[in-house]
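Enquirer: Sharing target20.pdb below, PDB, C-alpha atoms and all ligand atoms:
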```
ATOM      1  CA  MET A1152       0.980 261.047 219.892
ATOM      2  CA  SER A1153      -0.332 257.811 221.378
ATOM      3  CA  THR A1154      -2.647 255.998 218.982
ATOM      4  CA  ARG A1155      -5.301 253.349 219.396
ATOM      5  CA  ALA A1156      -6.335 250.764 216.830
ATOM      6  CA  GLY A1157      -8.237 247.521 216.692
ATOM      7  CA  ILE A1158     -10.954 245.367 215.232
ATOM      8  CA  VAL A1159     -14.538 246.476 215.730
ATOM      9  CA  THR A1160     -17.006 243.726 214.826
ATOM     10  CA  VAL A1161     -20.561 244.799 214.071
ATOM     11  CA  ALA A1162     -23.019 241.988 214.815
ATOM     12  CA  GLY A1163     -26.698 241.408 215.472
ATOM     13  CA  ARG A1164     -29.918 240.060 214.010
ATOM     14  CA  PRO A1165     -30.756 240.380 210.312
ATOM     15  CA  ASN A1166     -31.969 243.833 209.267
ATOM     16  CA  ALA A1167     -30.837 245.590 212.464
ATOM     17  CA  GLY A1168     -28.866 248.152 210.464
ATOM     18  CA  LYS A1169     -25.344 246.711 210.714
ATOM     19  CA  SER A1170     -24.327 247.456 207.138
ATOM     20  CA  THR A1171     -25.837 250.942 207.306
ATOM     21  CA  LEU A1172     -23.704 251.519 210.398
ATOM     22  CA  LEU A1173     -20.529 250.256 208.704
ATOM     23  CA  ASN A1174     -21.147 252.619 205.791
ATOM     24  CA  ARG A1175     -21.676 255.535 208.152
ATOM     25  CA  LEU A1176     -18.534 254.753 210.143
ATOM     26  CA  VAL A1177     -16.457 254.531 206.965
ATOM     27  CA  GLY A1178     -18.196 257.429 205.219
ATOM     28  CA  GLN A1179     -18.736 255.521 201.993
ATOM     29  CA  HIS A1180     -21.343 253.073 200.721
ATOM     30  CA  LEU A1181     -19.223 249.923 200.929
ATOM     31  CA  ALA A1182     -21.695 247.388 202.269
ATOM     32  CA  ILE A1183     -25.014 246.397 200.738
ATOM     33  CA  THR A1184     -27.948 247.748 202.722
ATOM     34  CA  SER A1185     -31.455 246.558 202.066
ATOM     35  CA  PRO A1186     -34.870 246.196 203.656
ATOM     36  CA  LYS A1187     -34.630 242.581 202.467
ATOM     37  CA  PRO A1188     -32.956 240.452 205.133
ATOM     38  CA  GLN A1189     -29.743 238.478 204.618
ATOM     39  CA  SER A1190     -28.260 240.885 202.123
ATOM     40  CA  THR A1191     -24.828 240.617 203.785
ATOM     41  CA  ARG A1192     -23.355 237.173 203.133
ATOM     42  CA  ASP A1193     -19.765 237.434 204.219
ATOM     43  CA  ARG A1194     -17.764 239.845 206.254
ATOM     44  CA  ILE A1195     -17.125 243.300 204.863
ATOM     45  CA  VAL A1196     -14.085 245.211 206.068
ATOM     46  CA  GLY A1197     -14.237 248.989 206.424
ATOM     47  CA  LEU A1198     -11.559 251.305 207.800
ATOM     48  CA  ARG A1199     -12.084 254.478 209.751
ATOM     49  CA  THR A1200      -9.129 256.617 210.737
ATOM     50  CA  GLU A1201      -9.761 259.828 212.591
ATOM     51  CA  GLY A1202      -7.371 261.713 214.827
ATOM     52  CA  ASP A1203      -5.360 259.153 216.778
ATOM     53  CA  VAL A1204      -7.873 256.312 216.423
ATOM     54  CA  GLN A1205      -8.110 253.668 213.700
ATOM     55  CA  MET A1206     -11.009 251.221 213.566
ATOM     56  CA  VAL A1207     -10.925 248.099 211.422
ATOM     57  CA  ILE A1208     -14.661 247.526 211.161
ATOM     58  CA  LEU A1209     -16.047 244.095 210.296
ATOM     59  CA  ASP A1210     -19.649 244.000 209.109
ATOM     60  CA  THR A1211     -21.178 240.544 209.412
ATOM     61  CA  PRO A1212     -24.158 238.507 208.212
ATOM     62  CA  GLY A1213     -27.134 238.588 210.573
ATOM     63  CA  LEU A1214     -27.198 236.017 213.342
ATOM     64  CA  LEU A1215     -29.882 233.464 212.620
ATOM     65  CA  GLU A1216     -30.601 229.750 212.794
ATOM     66  CA  PRO A1217     -29.008 228.299 209.604
ATOM     67  CA  GLN A1218     -31.479 226.745 207.174
ATOM     68  CA  ASP A1219     -29.047 225.581 204.500
ATOM     69  CA  PRO A1220     -25.300 225.364 203.790
ATOM     70  CA  LEU A1221     -25.167 229.001 202.587
ATOM     71  CA  HIS A1222     -26.553 230.068 205.969
ATOM     72  CA  ARG A1223     -23.968 227.915 207.712
ATOM     73  CA  ALA A1224     -21.227 229.664 205.754
ATOM     74  CA  MET A1225     -22.755 233.045 206.676
ATOM     75  CA  LEU A1226     -23.003 232.176 210.363
ATOM     76  CA  GLY A1227     -19.441 230.855 210.257
ATOM     77  CA  ALA A1228     -18.235 234.193 208.878
ATOM     78  CA  ALA A1229     -20.100 236.083 211.610
ATOM     79  CA  LEU A1230     -18.729 233.876 214.400
ATOM     80  CA  ALA A1231     -15.166 234.157 213.083
ATOM     81  CA  ALA A1232     -15.500 237.950 213.095
ATOM     82  CA  LEU A1233     -16.757 237.843 216.699
ATOM     83  CA  ARG A1234     -13.683 235.823 217.698
ATOM     84  CA  GLU A1235     -11.337 238.324 216.045
ATOM     85  CA  ALA A1236     -12.887 241.387 217.663
ATOM     86  CA  ASP A1237     -11.249 243.802 220.078
ATOM     87  CA  VAL A1238     -14.680 245.371 220.548
ATOM     88  CA  ILE A1239     -18.090 244.118 219.469
ATOM     89  CA  VAL A1240     -20.892 246.491 218.543
ATOM     90  CA  HIS A1241     -24.149 244.633 219.070
ATOM     91  CA  VAL A1242     -26.685 246.387 216.840
ATOM     92  CA  VAL A1243     -30.351 246.005 217.769
ATOM     93  CA  ASP A1244     -33.349 247.311 215.842
ATOM     94  CA  ALA A1245     -34.816 249.142 218.822
ATOM     95  CA  ALA A1246     -38.057 249.818 216.952
ATOM     96  CA  ARG A1247     -38.729 246.136 216.342
ATOM     97  CA  ASP A1248     -36.638 243.703 218.390
ATOM     98  CA  ALA A1249     -36.225 242.981 222.065
ATOM     99  CA  VAL A1250     -32.670 243.099 223.383
ATOM    100  CA  ALA A1251     -31.339 239.533 223.679
ATOM    101  CA  PRO A1252     -27.798 238.619 224.781
ATOM    102  CA  LEU A1253     -25.418 238.336 221.847
ATOM    103  CA  ALA A1254     -24.234 234.878 222.963
ATOM    104  CA  GLN A1255     -27.815 233.632 222.760
ATOM    105  CA  LEU A1256     -28.325 235.068 219.260
ATOM    106  CA  ALA A1257     -25.050 233.579 218.101
ATOM    107  CA  GLY A1258     -25.754 230.207 219.699
ATOM    108  CA  LEU A1259     -22.577 230.472 221.811
ATOM    109  CA  GLU A1260     -22.236 228.679 225.117
ATOM    110  CA  THR A1261     -20.136 231.424 226.621
ATOM    111  CA  PRO A1262     -20.230 235.168 225.930
ATOM    112  CA  PRO A1263     -17.691 236.444 223.397
ATOM    113  CA  ARG A1264     -14.292 237.367 224.803
ATOM    114  CA  ALA A1265     -14.350 240.982 223.595
ATOM    115  CA  PRO A1266     -16.322 243.730 225.368
ATOM    116  CA  VAL A1267     -19.740 244.435 223.847
ATOM    117  CA  VAL A1268     -21.135 247.900 223.144
ATOM    118  CA  LEU A1269     -24.915 247.766 222.836
ATOM    119  CA  ALA A1270     -26.144 250.005 219.995
ATOM    120  CA  LEU A1271     -29.907 250.540 220.046
ATOM    121  CA  ASN A1272     -30.380 251.490 216.413
ATOM    122  CA  LYS A1273     -33.280 253.043 214.490
ATOM    123  CA  GLY A1274     -33.731 255.533 217.309
ATOM    124  CA  ASP A1275     -35.373 257.783 214.719
ATOM    125  CA  LEU A1276     -38.311 255.357 214.647
ATOM    126  CA  VAL A1277     -38.994 255.230 218.402
ATOM    127  CA  ASN A1278     -40.937 257.888 220.284
ATOM    128  CA  ASP A1279     -39.602 259.787 223.285
ATOM    129  CA  VAL A1280     -41.434 257.632 225.809
ATOM    130  CA  ARG A1281     -39.893 254.435 224.460
ATOM    131  CA  ARG A1282     -36.507 256.066 224.091
ATOM    132  CA  ARG A1283     -36.515 257.016 227.761
ATOM    133  CA  ALA A1284     -37.672 253.512 228.742
ATOM    134  CA  LEU A1285     -34.847 251.955 226.685
ATOM    135  CA  ALA A1286     -32.270 254.277 228.206
ATOM    136  CA  ALA A1287     -33.476 253.420 231.713
ATOM    137  CA  GLU A1288     -33.454 249.691 231.031
ATOM    138  CA  HIS A1289     -30.056 249.679 229.306
ATOM    139  CA  PRO A1290     -28.073 252.489 230.932
ATOM    140  CA  ASP A1291     -24.829 251.536 229.165
ATOM    141  CA  ALA A1292     -26.384 251.325 225.705
ATOM    142  CA  VAL A1293     -26.138 253.996 223.032
ATOM    143  CA  VAL A1294     -29.464 254.972 221.468
ATOM    144  CA  MET A1295     -28.604 255.953 217.920
ATOM    145  CA  SER A1296     -29.591 255.999 214.282
ATOM    146  CA  ALA A1297     -27.274 254.723 211.591
ATOM    147  CA  LYS A1298     -29.580 256.345 209.076
ATOM    148  CA  THR A1299     -29.570 259.907 210.453
ATOM    149  CA  GLY A1300     -26.248 259.810 212.309
ATOM    150  CA  HIS A1301     -27.874 260.589 215.637
ATOM    151  CA  GLY A1302     -25.831 259.256 218.556
ATOM    152  CA  MET A1303     -22.672 258.647 216.526
ATOM    153  CA  PRO A1304     -20.344 260.696 218.770
ATOM    154  CA  GLU A1305     -21.519 258.687 221.792
ATOM    155  CA  LEU A1306     -21.114 255.399 219.916
ATOM    156  CA  LEU A1307     -17.616 256.331 218.709
ATOM    157  CA  ALA A1308     -16.588 257.281 222.241
ATOM    158  CA  ALA A1309     -17.915 253.981 223.638
ATOM    159  CA  ILE A1310     -16.021 251.978 220.983
ATOM    160  CA  THR A1311     -12.799 253.961 221.362
ATOM    161  CA  ALA A1312     -12.760 253.421 225.132
ATOM    162  CA  HIS A1313     -12.278 249.690 224.495
ATOM    163  CA  LEU A1314      -9.631 249.914 221.752
ATOM    164  CA  PRO A1315      -6.094 248.954 222.754
ATOM    165  CA  PRO A1316      -3.138 251.306 222.373
ATOM    166  CA  SER A1317      -1.578 250.344 219.054
ATOM    167  CA  PRO A1318       0.069 251.855 216.019
ATOM    168  CA  PHE A1319      -2.248 252.162 213.018
ATOM    169  CA  LEU A1320      -2.668 248.853 211.205
ATOM    170  CA  TYR A1321      -3.387 250.282 207.723
ATOM    171  CA  PRO A1322      -2.607 253.475 205.770
ATOM    172  CA  GLU A1323      -4.722 256.387 207.026
ATOM    173  CA  ASP A1324      -6.415 257.049 203.669
ATOM    174  CA  ASP A1325      -7.562 253.463 203.023
ATOM    175  CA  LEU A1326     -11.286 252.753 203.297
ATOM    176  CA  SER A1327     -11.016 248.985 203.186
ATOM    177  CA  THR A1328      -8.603 246.081 203.082
ATOM    178  CA  GLN A1329     -10.706 244.352 200.439
ATOM    179  CA  HIS A1330     -10.140 244.857 196.743
ATOM    180  CA  LEU A1331     -12.285 246.736 194.227
ATOM    181  CA  ARG A1332     -13.076 243.395 192.667
ATOM    182  CA  PHE A1333     -14.861 242.365 195.855
ATOM    183  CA  PHE A1334     -16.882 245.573 195.999
ATOM    184  CA  ALA A1335     -17.739 245.299 192.306
ATOM    185  CA  ARG A1336     -19.247 241.910 193.073
ATOM    186  CA  GLU A1337     -21.258 243.417 195.914
ATOM    187  CA  ALA A1338     -22.412 246.347 193.757
ATOM    188  CA  VAL A1339     -23.785 243.962 191.135
ATOM    189  CA  ARG A1340     -25.493 241.895 193.819
ATOM    190  CA  GLU A1341     -26.979 245.006 195.410
ATOM    191  CA  ALA A1342     -28.360 246.229 192.088
ATOM    192  CA  ALA A1343     -29.889 242.785 191.474
ATOM    193  CA  LEU A1344     -31.350 242.695 194.971
ATOM    194  CA  GLU A1345     -33.100 245.998 194.416
ATOM    195  CA  GLN A1346     -34.741 244.793 191.230
ATOM    196  CA  LEU A1347     -35.981 241.453 192.538
ATOM    197  CA  ASP A1348     -38.803 240.378 194.828
ATOM    198  CA  GLU A1349     -39.675 237.416 196.969
ATOM    199  CA  GLU A1350     -37.302 234.483 197.050
ATOM    200  CA  VAL A1351     -35.233 235.251 193.959
ATOM    201  CA  PRO A1352     -32.653 237.537 195.655
ATOM    202  CA  HIS A1353     -31.608 234.709 197.964
ATOM    203  CA  ALA A1354     -30.815 232.534 194.943
ATOM    204  CA  VAL A1355     -28.527 235.134 193.316
ATOM    205  CA  ALA A1356     -24.758 235.092 193.608
ATOM    206  CA  CYS A1357     -22.297 237.192 191.647
ATOM    207  CA  GLU A1358     -18.931 236.122 190.357
ATOM    208  CA  ILE A1359     -16.451 238.544 188.807
ATOM    209  CA  GLU A1360     -14.768 236.579 186.028
ATOM    210  CA  GLU A1361     -12.527 239.333 184.789
ATOM    211  CA  PHE A1362     -11.506 242.709 186.194
ATOM    212  CA  ARG A1363      -9.152 244.715 183.987
ATOM    213  CA  GLU A1364      -8.338 247.822 185.960
ATOM    214  CA  SER A1365      -5.629 248.942 183.569
ATOM    215  CA  SER A1366      -7.939 249.233 180.571
ATOM    216  CA  ALA A1367      -9.966 252.393 179.902
ATOM    217  CA  PRO A1368     -12.809 252.128 180.558
ATOM    218  CA  VAL A1369     -12.182 249.556 183.282
ATOM    219  CA  TYR A1370     -13.445 246.228 181.897
ATOM    220  CA  ILE A1371     -15.450 243.940 184.164
ATOM    221  CA  ARG A1372     -17.094 240.673 183.200
ATOM    222  CA  ALA A1373     -19.564 239.546 185.843
ATOM    223  CA  VAL A1374     -21.890 236.573 186.050
ATOM    224  CA  LEU A1375     -25.063 236.454 188.096
ATOM    225  CA  HIS A1376     -25.655 232.851 189.111
ATOM    226  CA  VAL A1377     -29.125 231.612 189.932
ATOM    227  CA  GLU A1378     -30.343 228.146 190.833
ATOM    228  CA  ARG A1379     -33.070 227.530 188.240
ATOM    229  CA  ASP A1380     -34.101 228.415 184.688
ATOM    230  CA  SER A1381     -37.237 230.150 185.965
ATOM    231  CA  GLN A1382     -35.052 232.484 188.062
ATOM    232  CA  LYS A1383     -32.836 233.165 185.064
ATOM    233  CA  ARG A1384     -35.899 234.265 183.088
ATOM    234  CA  ILE A1385     -36.980 236.575 185.930
ATOM    235  CA  LEU A1386     -33.517 238.088 186.161
ATOM    236  CA  ILE A1387     -33.331 238.762 182.433
ATOM    237  CA  GLY A1388     -36.875 240.121 182.241
ATOM    238  CA  SER A1389     -38.964 240.601 179.138
ATOM    239  CA  GLY A1390     -36.813 241.747 176.260
ATOM    240  CA  GLY A1391     -33.810 241.789 178.623
ATOM    241  CA  GLN A1392     -35.161 244.853 180.413
ATOM    242  CA  ARG A1393     -34.404 243.793 183.956
ATOM    243  CA  ILE A1394     -30.834 242.664 183.408
ATOM    244  CA  LYS A1395     -30.207 245.903 181.534
ATOM    245  CA  ALA A1396     -31.476 247.951 184.475
ATOM    246  CA  ILE A1397     -29.389 245.896 186.908
ATOM    247  CA  GLY A1398     -26.298 246.375 184.759
ATOM    248  CA  GLN A1399     -26.818 250.116 184.514
ATOM    249  CA  ALA A1400     -27.318 250.598 188.257
ATOM    250  CA  ALA A1401     -24.351 248.356 189.063
ATOM    251  CA  ARG A1402     -22.087 250.132 186.585
ATOM    252  CA  GLN A1403     -22.890 253.531 188.070
ATOM    253  CA  ARG A1404     -22.037 252.266 191.539
ATOM    254  CA  ILE A1405     -18.778 250.689 190.443
ATOM    255  CA  GLU A1406     -17.807 253.905 188.650
ATOM    256  CA  VAL A1407     -18.047 255.737 191.982
ATOM    257  CA  LEU A1408     -15.828 253.107 193.594
ATOM    258  CA  VAL A1409     -13.148 253.078 190.874
ATOM    259  CA  GLY A1410     -13.434 256.802 190.173
ATOM    260  CA  GLY A1411     -13.734 256.427 186.411
ATOM    261  CA  ALA A1412     -15.607 254.903 183.498
ATOM    262  CA  VAL A1413     -16.494 251.212 183.600
ATOM    263  CA  TYR A1414     -17.634 248.761 180.954
ATOM    264  CA  LEU A1415     -19.700 246.081 182.673
ATOM    265  CA  ASP A1416     -20.243 242.897 180.707
ATOM    266  CA  LEU A1417     -23.025 241.162 182.638
ATOM    267  CA  TRP A1418     -24.228 237.567 182.178
ATOM    268  CA  VAL A1419     -26.784 235.316 183.821
ATOM    269  CA  LYS A1420     -26.114 231.608 184.320
ATOM    270  CA  VAL A1421     -27.782 228.718 186.099
ATOM    271  CA  LEU A1422     -25.652 226.969 188.712
ATOM    272  CA  PRO A1423     -28.089 224.378 190.031
ATOM    273  CA  ASN A1424     -28.469 224.314 193.804
ATOM    274  CA  TRP A1425     -25.356 226.384 194.480
ATOM    275  CA  ARG A1426     -26.605 227.282 197.949
ATOM    276  CA  ARG A1427     -26.351 223.641 199.006
ATOM    277  CA  ASN A1428     -23.132 222.754 197.212
ATOM    278  CA  PRO A1429     -19.925 223.223 199.275
ATOM    279  CA  THR A1430     -17.715 223.475 196.178
ATOM    280  CA  ALA A1431     -19.939 226.081 194.531
ATOM    281  CA  LEU A1432     -20.184 228.004 197.810
ATOM    282  CA  ALA A1433     -16.411 228.166 198.134
ATOM    283  CA  ARG A1434     -16.030 229.260 194.516
ATOM    284  CA  LEU A1435     -18.571 232.049 195.022
ATOM    285  CA  GLY A1436     -16.771 233.318 198.117
ATOM    286  CA  TYR A1437     -18.867 231.676 200.831
ATOM    287  CA  PRO A1438     -16.728 228.800 202.106
ATOM    288  CA  LEU A1439     -18.184 226.608 204.829
ATOM    289  CA  PRO A1440     -16.355 226.954 208.136
ATOM    290  CA  PRO A1441     -13.572 224.372 208.591
ATOM    291  CA  ASP A1442     -15.452 222.766 211.496
ATOM    292  CA  ASP A1443     -18.671 222.346 209.496
ATOM    293  CA  THR A1444     -19.580 218.696 209.863
ATOM    294  CA  LYS A1445     -23.202 218.527 208.662
TER     295      LYS A1445
HETATM  296  N1  LIG A1501     -35.277 254.283 210.037
HETATM  297  C1  LIG A1501     -34.095 253.700 210.072
HETATM  298  N2  LIG A1501     -33.807 252.712 209.201
HETATM  299  C2  LIG A1501     -32.586 252.145 209.271
HETATM  300  C3  LIG A1501     -31.602 252.548 210.219
HETATM  301  N3  LIG A1501     -30.509 251.779 210.030
HETATM  302  C4  LIG A1501     -30.789 250.942 209.014
HETATM  303  N4  LIG A1501     -32.049 251.152 208.550
HETATM  304  C5  LIG A1501     -32.740 250.433 207.448
HETATM  305  O1  LIG A1501     -32.928 249.080 207.844
HETATM  306  C6  LIG A1501     -32.792 248.194 206.722
HETATM  307  C7  LIG A1501     -31.718 247.166 207.022
HETATM  308  O2  LIG A1501     -30.470 247.823 207.077
HETATM  309  P1  LIG A1501     -29.105 247.049 206.832
HETATM  310  O3  LIG A1501     -27.997 247.989 207.181
HETATM  311  O4  LIG A1501     -29.079 246.419 205.486
HETATM  312  O5  LIG A1501     -29.250 245.917 207.965
HETATM  313  P2  LIG A1501     -28.318 244.652 208.271
HETATM  314  O6  LIG A1501     -29.053 243.464 207.752
HETATM  315  O7  LIG A1501     -28.219 244.616 209.773
HETATM  316  O8  LIG A1501     -27.001 244.871 207.626
HETATM  317  C8  LIG A1501     -32.457 249.086 205.534
HETATM  318  O9  LIG A1501     -33.651 249.329 204.821
HETATM  319  C9  LIG A1501     -31.916 250.360 206.176
HETATM  320  O10 LIG A1501     -32.114 251.507 205.395
HETATM  321  C10 LIG A1501     -31.934 253.609 211.129
HETATM  322  O11 LIG A1501     -31.166 254.032 211.988
HETATM  323  N5  LIG A1501     -33.203 254.141 211.006
HETATM  324 MG    MG A1502     -26.000 243.750 206.313
END
```
What is this file in structure tokens?

Expert:
Amino acid sequence: MSTRAGIVTVAGRPNAGKSTLLNRLVGQHLAITSPKPQSTRDRIVGLRTEGDVQMVILDTPGLLEPQDPLHRAMLGAALAALREADVIVHVVDAARDAVAPLAQLAGLETPPRAPVVLALNKGDLVNDVRRRALAAEHPDAVVMSAKTGHGMPELLAAITAHLPPSPFLYPEDDLSTQHLRFFAREAVREAALEQLDEEVPHAVACEIEEFRESSAPVYIRAVLHVERDSQKRILIGSGGQRIKAIGQAARQRIEVLVGGAVYLDLWVKVLPNWRRNPTALARLGYPLPPDDTK
């Protein structure tokens, strides 16, 4: 049997539905999805193996003009994933955004090297008239919905057509190349994101200080870092209610990922201005790109 395999980078503006698409392609909730923008901060790797095709899917932070060093790290991660791609899936929120060239969104002088499949997402939110207009205007695009699964066969076929012949790169049963520890961090961050409003979610980072997979229940000590005391108080909530709710939701998610009981020891600490501090960014998993000169 001749197989195909390669790197499929999912890119686009914030909130287009990239992480929802990664989760659908993998068949498991690996990446944080949220109506709040900028929930994805670094690249998430998902694997999809079906029949004779293996996709190494890279979910990326949304392409946007960086406002601070954290954003520069996020953009750097997205651009690196574009450079690695065999195929790029450019996800557009068809209900909200106009279709702009990916190079323009990414601030690139030349288009990316890899072929681009245009995925007009949130098709479930557009009416038939607009759907027909979109299809006429972008005949090569796939109108789809990462939420409902509509259009997935067409999208998979369009991606597969660009994948090179190659042996599989990872074991067929693997869902990711990243470790549970990474996804535990993301699960805690996702639970925090859901419980917080306004600007606070952007100031939250999670660090897994200890991950003892061999103990039963699995023992995890996690710290939620915020930038200011006022944010710490919000995160803890009156009588510790909010942090308790975050911990409970996060634990349940991690238990699905590890397939067993988890003890989550969750702390909140202030790490002043971490979003602007290159050393703190690197420690929290968001290193600035090597060519960052600002
Ligand atoms: N109605 C609808 N909502 C979607 C679809 N795909 C994603 N969303 C929602 O759009 C928001 C942003 O999704 P997310 O995957 O986090 O976007 P990302 O920032 O591009 O990764 C979330 O609230 C998703 O539930 C879709 O096909 N239809
Ligand atoms: Mg995302």

Enquirer: As a quick test: using only C-alpha atoms and all ligand atoms, which residues lie no more than 6 Å away from ligand MG 1502 (chain A)? Give them as number ranges by chain.

Expert: A: 1169-1170, 1184, 1190-1191, 1212

Enquirer: Evaluate the PyMOL selection byres (((chain A and resi 1239) around 12) and not hetatm) and record the selected residues as JSON, numbers by chain, following the chain and residue labels used in the document.

Expert: {"A": [1157, 1158, 1159, 1160, 1161, 1162, 1163, 1169, 1206, 1207, 1208, 1209, 1210, 1211, 1229, 1230, 1232, 1233, 1234, 1235, 1236, 1237, 1238, 1240, 1241, 1242, 1253, 1254, 1262, 1263, 1264, 1265, 1266, 1267, 1268, 1269, 1270, 1306, 1309, 1310, 1311, 1313, 1314]}

Enquirer: Nearest to A:Ser1296: which of A:Ile1385, A:Leu1215, A:Ala1245, A:Ala1373 is it, counting all atoms listed in the file?

Expert: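 Closest to A:Ser1296, using all atoms listed in the file: A:Ala1245.
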
Enquirer: I need the residue set behind the PyMOL selection byres (((not hetatm)) within 10 of (chain A and resi 1501)) for this file; please write it as a JSON list (two decimals) with C-alpha atoms, in the coordinates of the input.

Expert:
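Below is the file expr17.json, written as the result:
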```
[["chain", "number", "residue", "atom", "x", "y", "z"],
["A", 1161, "VAL", "CA", -20.56, 244.80, 214.07],
["A", 1162, "ALA", "CA", -23.02, 241.99, 214.82],
["A", 1163, "GLY", "CA", -26.70, 241.41, 215.47],
["A", 1164, "ARG", "CA", -29.92, 240.06, 214.01],
["A", 1165, "PRO", "CA", -30.76, 240.38, 210.31],
["A", 1166, "ASN", "CA", -31.97, 243.83, 209.27],
["A", 1167, "ALA", "CA", -30.84, 245.59, 212.46],
["A", 1168, "GLY", "CA", -28.87, 248.15, 210.46],
["A", 1169, "LYS", "CA", -25.34, 246.71, 210.71],
["A", 1170, "SER", "CA", -24.33, 247.46, 207.14],
["A", 1171, "THR", "CA", -25.84, 250.94, 207.31],
["A", 1172, "LEU", "CA", -23.70, 251.52, 210.40],
["A", 1173, "LEU", "CA", -20.53, 250.26, 208.70],
["A", 1174, "ASN", "CA", -21.15, 252.62, 205.79],
["A", 1175, "ARG", "CA", -21.68, 255.54, 208.15],
["A", 1182, "ALA", "CA", -21.70, 247.39, 202.27],
["A", 1183, "ILE", "CA", -25.01, 246.40, 200.74],
["A", 1184, "THR", "CA", -27.95, 247.75, 202.72],
["A", 1185, "SER", "CA", -31.46, 246.56, 202.07],
["A", 1186, "PRO", "CA", -34.87, 246.20, 203.66],
["A", 1187, "LYS", "CA", -34.63, 242.58, 202.47],
["A", 1188, "PRO", "CA", -32.96, 240.45, 205.13],
["A", 1189, "GLN", "CA", -29.74, 238.48, 204.62],
["A", 1190, "SER", "CA", -28.26, 240.88, 202.12],
["A", 1191, "THR", "CA", -24.83, 240.62, 203.78],
["A", 1192, "ARG", "CA", -23.36, 237.17, 203.13],
["A", 1210, "ASP", "CA", -19.65, 244.00, 209.11],
["A", 1211, "THR", "CA", -21.18, 240.54, 209.41],
["A", 1212, "PRO", "CA", -24.16, 238.51, 208.21],
["A", 1213, "GLY", "CA", -27.13, 238.59, 210.57],
["A", 1214, "LEU", "CA", -27.20, 236.02, 213.34],
["A", 1242, "VAL", "CA", -26.68, 246.39, 216.84],
["A", 1243, "VAL", "CA", -30.35, 246.00, 217.77],
["A", 1244, "ASP", "CA", -33.35, 247.31, 215.84],
["A", 1245, "ALA", "CA", -34.82, 249.14, 218.82],
["A", 1246, "ALA", "CA", -38.06, 249.82, 216.95],
["A", 1271, "LEU", "CA", -29.91, 250.54, 220.05],
["A", 1272, "ASN", "CA", -30.38, 251.49, 216.41],
["A", 1273, "LYS", "CA", -33.28, 253.04, 214.49],
["A", 1274, "GLY", "CA", -33.73, 255.53, 217.31],
["A", 1275, "ASP", "CA", -35.37, 257.78, 214.72],
["A", 1276, "LEU", "CA", -38.31, 255.36, 214.65],
["A", 1277, "VAL", "CA", -38.99, 255.23, 218.40],
["A", 1294, "VAL", "CA", -29.46, 254.97, 221.47],
["A", 1295, "MET", "CA", -28.60, 255.95, 217.92],
["A", 1296, "SER", "CA", -29.59, 256.00, 214.28],
["A", 1297, "ALA", "CA", -27.27, 254.72, 211.59],
["A", 1298, "LYS", "CA", -29.58, 256.35, 209.08],
["A", 1299, "THR", "CA", -29.57, 259.91, 210.45],
["A", 1300, "GLY", "CA", -26.25, 259.81, 212.31],
["A", 1301, "HIS", "CA", -27.87, 260.59, 215.64],
["A", 1302, "GLY", "CA", -25.83, 259.26, 218.56]]
```

Enquirer: Extract, using only C-alpha atoms, all DNA, RNA and protein residues at most 12 Å from A:Lys1395, discarding same-chain residues fewer than 3 positions from it, and format them as a list in words.

Expert: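 Contacts, in chain order: Val1339, Ala1342, Ala1343, Gln1346, Leu1386, Ile1387, Gly1388, Ser1389, Gly1390, Gly1391, Gln1392, Gly1398, Gln1399, Ala1400, Ala1401, Arg1402, Leu1415, Asp1416, Leu1417, Trp1418 and Val1419 of chain A.
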
Enquirer: Taking the file as I've supplied it (selection: the PyMOL selection byres (((chain A and resi 1289) around 12) and not hetatm)), which residues are included? Please answer as a ChimeraX atom specification.

Expert: /A:1245,1249-1251,1268-1271,1281-1288,1290-1294

Enquirer: At what distance in Å, to one decimal, does atom CA of A:Trp1425 lie from atom CA of A:Ala1354?

Expert: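 Taking atom CA of A:Ala1354 and atom CA of A:Trp1425, their separation equals 8.2 Å.
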
Enquirer: Using only C-alpha atoms, find the one residue out of A:Val1413, A:Ala1335, A:Leu1221, A:Leu1435 that sits nearest to A:Ser1365.

Expert: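 Nearest to A:Ser1365: A:Val1413.
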
Enquirer: Go through A:Ala1338, A:Ala1396, A:Val1407, A:Val1355 and flag the residue nearest A:Pro1423, using only C-alpha atoms for the distances.

Expert: A:Val1355

Enquirer: How far is it from atom CA of A:Ser1327 to atom CA of A:Ala1156, in Å with one decimal?

Expert: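 Separation between atom CA of A:Ser1327 and atom CA of A:Ala1156: 14.5 Å.
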
Enquirer: Grab the atom CA of A:Asp1193 to atom CA of A:Ala1257 distance for me, in Å with one decimal place.

Expert: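 That distance, rounded to one decimal, is 15.3 Å.
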
Enquirer: Given all atoms listed in the file as the basis, pick out the residue of A:Arg1372, A:Lys1383, A:Arg1404, A:Arg1199 nearest to A:Pro1352.

Expert: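 Result for the nearest residue to A:Pro1352: A:Lys1383.
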
Enquirer: Looking at all atoms listed in the file, which of A:Val1374, A:Leu1347, A:Thr1444, A:Tyr1437 is the one that sits closest to A:Ala1228?

Expert: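 Nearest candidate to A:Ala1228 out of A:Val1374, A:Leu1347, A:Thr1444, A:Tyr1437: A:Tyr1437.
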
Enquirer: Which residue out of A:Ile1397, A:Leu1226, A:Val1204, A:Leu1408 has the minimum interatomic distance to A:Leu1326 when all atoms listed in the file are used?

Expert: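 Looking only at the distances to A:Leu1326, the closest residue turns out to be A:Leu1408.
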
Enquirer: Residues at most 8 Å from A:Leu1439, counting all atoms listed in the file, excluding those fewer than 5 positions away in the same chain, as number ranges by chain?

Expert: A: 1220-1221, 1223-1224, 1227, 1429, 1432-1433

Enquirer: May I have the residues within 12 Å of A:Arg1434 as a PyMOL selection string, using all atoms listed in the file and disregarding those fewer than 2 positions away in the same chain?

Expert: chain A and resi 1356-1360+1376+1422+1425-1426+1428-1432+1436-1439
